[in-house]
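> Got protein_1.csv for you, CSV, C-alpha atoms:
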```csv
chain,number,residue,atom,x,y,z
V,1,MET,CA,20.7,25.5,36.2
V,2,CYS,CA,23.9,27.6,36.3
V,3,ASP,CA,25.7,28.7,33.1
V,4,PRO,CA,29.1,27.0,33.2
V,5,HIS,CA,30.7,29.8,31.3
V,6,LEU,CA,30.0,32.5,33.9
V,7,ASN,CA,32.2,31.3,36.7
V,8,SER,CA,33.0,27.6,36.9
V,9,PRO,CA,34.3,26.3,40.2
V,10,SER,CA,38.0,25.8,40.6
V,11,LEU,CA,38.3,22.0,40.8
V,12,THR,CA,42.1,22.3,40.3
V,13,VAL,CA,42.7,24.2,43.6
V,14,SER,CA,40.2,22.0,45.5
V,15,ARG,CA,41.9,18.8,44.1
V,16,GLU,CA,45.4,20.1,45.1
V,17,VAL,CA,44.3,20.9,48.7
V,18,LEU,CA,42.6,17.5,49.0
V,19,ARG,CA,45.6,15.6,47.5
V,20,ASP,CA,48.0,17.4,49.8
V,21,ALA,CA,45.9,16.7,52.9
V,22,MET,CA,45.6,13.0,52.0
V,23,LEU,CA,49.3,12.6,51.2
V,24,ARG,CA,50.3,14.2,54.6
V,25,ALA,CA,47.9,11.8,56.3
V,26,GLY,CA,49.4,8.8,54.6
V,27,TYR,CA,46.5,7.7,52.3
V,28,PRO,CA,47.5,5.5,49.3
V,29,ASP,CA,47.1,6.9,45.8
V,30,SER,CA,44.1,4.7,45.1
V,31,SER,CA,42.2,6.3,48.0
V,32,ILE,CA,43.3,9.8,46.9
V,33,GLY,CA,41.9,9.1,43.4
V,34,ASP,CA,38.6,7.9,44.9
V,35,ALA,CA,38.3,11.0,47.1
V,36,GLU,CA,39.1,13.3,44.2
V,37,LEU,CA,36.4,11.8,42.1
V,38,ALA,CA,33.9,11.9,44.9
V,39,MET,CA,34.7,15.6,45.7
V,40,MET,CA,34.5,16.5,42.0
V,41,GLU,CA,31.0,14.9,41.9
V,42,LEU,CA,29.8,16.9,44.8
V,43,VAL,CA,31.2,20.1,43.4
V,44,VAL,CA,29.6,19.5,40.0
V,45,ASN,CA,26.3,18.7,41.7
V,46,ALA,CA,26.5,21.9,43.7
V,47,TRP,CA,27.2,23.8,40.5
V,48,ARG,CA,24.5,22.1,38.4
V,49,HIS,CA,21.7,21.4,41.0
V,50,GLY,CA,22.6,23.7,43.9
V,51,ALA,CA,22.4,27.0,42.1
V,52,THR,CA,25.9,27.8,43.1
V,53,LEU,CA,28.6,29.0,40.7
V,54,SER,CA,31.4,28.7,43.2
V,55,PRO,CA,30.6,26.1,45.9
V,56,VAL,CA,32.7,26.3,49.1
V,57,VAL,CA,34.9,23.2,49.6
V,58,THR,CA,36.3,22.3,53.0
V,59,VAL,CA,38.8,19.5,53.7
V,60,VAL,CA,39.4,18.5,57.3
V,61,TYR,CA,41.5,15.6,58.6
V,62,SER,CA,40.8,14.8,62.2
V,63,GLY,CA,41.8,11.7,64.2
V,64,ASN,CA,41.7,9.0,61.5
V,65,THR,CA,39.0,10.5,59.3
V,66,LEU,CA,39.1,12.8,56.4
V,67,ARG,CA,36.0,14.8,55.8
V,68,VAL,CA,35.3,16.8,52.6
V,69,THR,CA,32.3,19.2,52.6
V,70,VAL,CA,30.8,21.1,49.7
V,71,ALA,CA,28.4,23.9,50.5
V,72,ASP,CA,25.9,25.3,48.1
V,73,ARG,CA,22.9,27.7,48.2
V,74,SER,CA,20.1,25.3,47.5
V,75,SER,CA,18.1,24.1,50.5
V,76,GLU,CA,17.1,20.9,48.6
V,77,LEU,CA,18.8,17.9,50.1
V,78,PRO,CA,20.3,15.4,47.7
V,79,LYS,CA,18.8,11.9,47.3
V,80,CYS,CA,20.1,8.9,45.5
V,81,GLN,CA,18.1,8.2,42.4
V,82,LYS,CA,16.9,4.9,41.3
V,83,LEU,CA,19.4,3.4,38.9
V,84,ASP,CA,18.2,3.6,35.3
V,85,LEU,CA,20.7,1.9,33.0
V,86,ARG,CA,19.6,4.0,30.0
V,87,ALA,CA,20.0,7.3,31.8
V,88,GLU,CA,22.9,9.5,30.8
V,89,SER,CA,23.1,11.1,34.3
V,90,GLY,CA,21.9,10.5,37.9
V,91,ARG,CA,24.5,8.2,39.2
V,92,GLY,CA,26.7,10.7,41.0
V,93,LEU,CA,25.6,10.1,44.6
V,94,GLN,CA,25.8,6.3,44.0
V,95,LEU,CA,29.4,6.9,42.9
V,96,VAL,CA,30.1,8.9,46.0
V,97,GLU,CA,28.5,6.2,48.2
V,98,GLY,CA,30.7,3.5,46.5
V,99,LEU,CA,33.9,5.5,46.8
V,100,THR,CA,33.7,6.7,50.4
V,101,HIS,CA,33.0,5.3,53.8
V,102,ARG,CA,30.1,7.6,54.6
V,103,TRP,CA,28.3,10.6,53.1
V,104,GLY,CA,25.4,12.8,54.0
V,105,ALA,CA,23.9,16.3,53.8
V,106,GLU,CA,23.1,18.9,56.4
V,107,PRO,CA,20.7,21.9,55.9
V,108,GLN,CA,22.2,25.3,56.7
V,109,LYS,CA,20.6,28.8,57.2
V,110,LEU,CA,21.4,29.5,53.5
V,111,GLY,CA,21.6,26.2,51.5
V,112,LYS,CA,23.2,23.0,52.6
V,113,ARG,CA,26.4,21.1,53.0
V,114,VAL,CA,27.0,17.8,51.4
V,115,TRP,CA,29.9,15.8,52.8
V,116,PHE,CA,31.8,12.5,52.7
V,117,GLU,CA,34.3,10.8,54.9
V,118,LEU,CA,37.1,8.4,54.4
V,119,ASP,CA,38.8,6.6,57.3
V,120,SER,CA,42.5,6.2,57.2
V,121,VAL,CA,44.0,2.8,56.5
V,122,ALA,CA,46.6,3.1,59.3
```
Produce structure tokens that represent the structure in this file.

Amino acid sequence: MCDPHLNSPSLTVSREVLRDAMLRAGYPDSSIGDAELAMMELVVNAWRHGATLSPVVTVVYSGNTLRVTVADRSSELPKCQKLDLRAESGRGLQLVEGLTHRWGAEPQKLGKRVWFELDSVA
């Protein structure tokens, strides 16, 4: 696990880029909030479980779909865990699944990319 005091990821910059892209594309505030939360979950997962102090976040709007990708150095692909109501963690990917239209993960030469997509409402 990474030490959070060494070099925490810049969630502020990533959130600003995401918010700006979604505002320009005409997404409502509620969708923007959902996307910010989903992105933050992927960044924190990359930081905690992906052995990456500064994950790379990419935001792309193409056609009617917004795609957010978070890359880390771990080759282990994420899996939704079985819900344990007593557990203090382990619900992140279920949250991403509930807030977005699609999500997935792709192995890379060095690590992986975890992504989610939101379709526009227009």
> In terms of the shortest atom-to-atom distance over all atoms listed in the file, which of V:Glu16, V:Asp119, V:Glu97, V:Asp72 is closest to Arg48 in chain V?
V:Asp72
> Find the residue from V:Ala105, V:Val60, V:Val68, V:Val43 that sits nearest to Ala25 in chain V; use all atoms listed in the file when measuring.
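With all atoms listed in the file as the atom set, the closest residue is V:Val60.
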> Restricting the calculation to all atoms listed in the file, which member of V:Arg73, V:His101, V:Arg67, V:Lys112 is positioned closest to Trp47 in chain V?
V:Arg73
> Hey, which of V:Leu66, V:Cys80, V:Ala71, V:Val13 ends up closest to Glu117 in chain V? Count all atoms listed in the file.
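When distances to Glu117 in chain V are compared using all atoms listed in the file, the smallest one comes from V:Leu66.
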> Identify which of the residues V:Arg91, V:Arg113, V:His49, V:Arg15 lies closest to Ala35 in chain V, counting all atoms listed in the file when measuring atom-to-atom distances.
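Going through V:Arg91, V:Arg113, V:His49, V:Arg15 one by one, the smallest distance to Ala35 in chain V is for V:Arg15.
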> Please measure the separation of CA of Gly63 in chain V and CA of Leu110 in chain V, giving the value in Å to one decimal.
29.1 Å
> Quick check, in Å to one decimal: how far apart do CA of Gly26 in chain V and CA of Gln94 in chain V lie?
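Atom-to-atom, CA of Gly26 in chain V to CA of Gln94 in chain V, that is 26.0 Å.
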> Between CA of Thr12 in chain V and CA of Pro78 in chain V, what distance in Å does the model show, to one decimal?
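Spanning CA of Thr12 in chain V to CA of Pro78 in chain V is a straight-line distance of 24.0 Å.
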> Point out the residue among V:Ser54, V:Pro107, V:Glu41, V:Leu77 with the least atom-to-atom distance to Leu95 in chain V, counting all atoms listed in the file.
V:Glu41
> Which neighbours of Thr69 in chain V fall inside 7 Å, counting only C-alpha atoms, when residues of the same chain fewer than 6 positions from it are skipped, and could you give them as a count of residues only?
7
> N, CA and C atoms are what I want for range 13-26 of chain V; can you complete it accordingly and write them as a PDB file, in the frame of the given file?

```
ATOM      1  N   VAL V  13      42.204  23.749  42.230  1.00  0.00           N
ATOM      2  CA  VAL V  13      42.700  24.200  43.600  1.00  0.00           C
ATOM      3  C   VAL V  13      42.113  23.203  44.621  1.00  0.00           C
ATOM      4  N   SER V  14      40.841  22.868  44.522  1.00  0.00           N
ATOM      5  CA  SER V  14      40.200  22.000  45.500  1.00  0.00           C
ATOM      6  C   SER V  14      40.928  20.594  45.455  1.00  0.00           C
ATOM      7  N   ARG V  15      41.220  20.096  44.266  1.00  0.00           N
ATOM      8  CA  ARG V  15      41.900  18.800  44.100  1.00  0.00           C
ATOM      9  C   ARG V  15      43.298  18.859  44.751  1.00  0.00           C
ATOM     10  N   GLU V  16      44.019  19.960  44.535  1.00  0.00           N
ATOM     11  CA  GLU V  16      45.400  20.100  45.100  1.00  0.00           C
ATOM     12  C   GLU V  16      45.335  20.096  46.616  1.00  0.00           C
ATOM     13  N   VAL V  17      44.381  20.821  47.197  1.00  0.00           N
ATOM     14  CA  VAL V  17      44.300  20.900  48.700  1.00  0.00           C
ATOM     15  C   VAL V  17      43.920  19.477  49.194  1.00  0.00           C
ATOM     16  N   LEU V  18      42.978  18.806  48.567  1.00  0.00           N
ATOM     17  CA  LEU V  18      42.600  17.500  49.000  1.00  0.00           C
ATOM     18  C   LEU V  18      43.749  16.496  48.888  1.00  0.00           C
ATOM     19  N   ARG V  19      44.432  16.497  47.744  1.00  0.00           N
ATOM     20  CA  ARG V  19      45.600  15.600  47.500  1.00  0.00           C
ATOM     21  C   ARG V  19      46.661  15.842  48.571  1.00  0.00           C
ATOM     22  N   ASP V  20      46.980  17.099  48.841  1.00  0.00           N
ATOM     23  CA  ASP V  20      48.000  17.400  49.800  1.00  0.00           C
ATOM     24  C   ASP V  20      47.639  16.936  51.212  1.00  0.00           C
ATOM     25  N   ALA V  21      46.387  17.165  51.618  1.00  0.00           N
ATOM     26  CA  ALA V  21      45.900  16.700  52.900  1.00  0.00           C
ATOM     27  C   ALA V  21      46.028  15.196  53.052  1.00  0.00           C
ATOM     28  N   MET V  22      45.630  14.505  51.992  1.00  0.00           N
ATOM     29  CA  MET V  22      45.600  13.000  52.000  1.00  0.00           C
ATOM     30  C   MET V  22      47.040  12.471  51.997  1.00  0.00           C
ATOM     31  N   LEU V  23      47.933  13.092  51.235  1.00  0.00           N
ATOM     32  CA  LEU V  23      49.300  12.600  51.200  1.00  0.00           C
ATOM     33  C   LEU V  23      49.974  12.806  52.584  1.00  0.00           C
ATOM     34  N   ARG V  24      49.727  13.946  53.221  1.00  0.00           N
ATOM     35  CA  ARG V  24      50.300  14.200  54.600  1.00  0.00           C
ATOM     36  C   ARG V  24      49.750  13.204  55.594  1.00  0.00           C
ATOM     37  N   ALA V  25      48.506  12.760  55.386  1.00  0.00           N
ATOM     38  CA  ALA V  25      47.900  11.800  56.300  1.00  0.00           C
ATOM     39  C   ALA V  25      48.258  10.359  56.000  1.00  0.00           C
ATOM     40  N   GLY V  26      48.944  10.128  54.889  1.00  0.00           N
ATOM     41  CA  GLY V  26      49.400   8.800  54.600  1.00  0.00           C
ATOM     42  C   GLY V  26      48.441   7.921  53.776  1.00  0.00           C
TER      43      GLY V  26
END
```
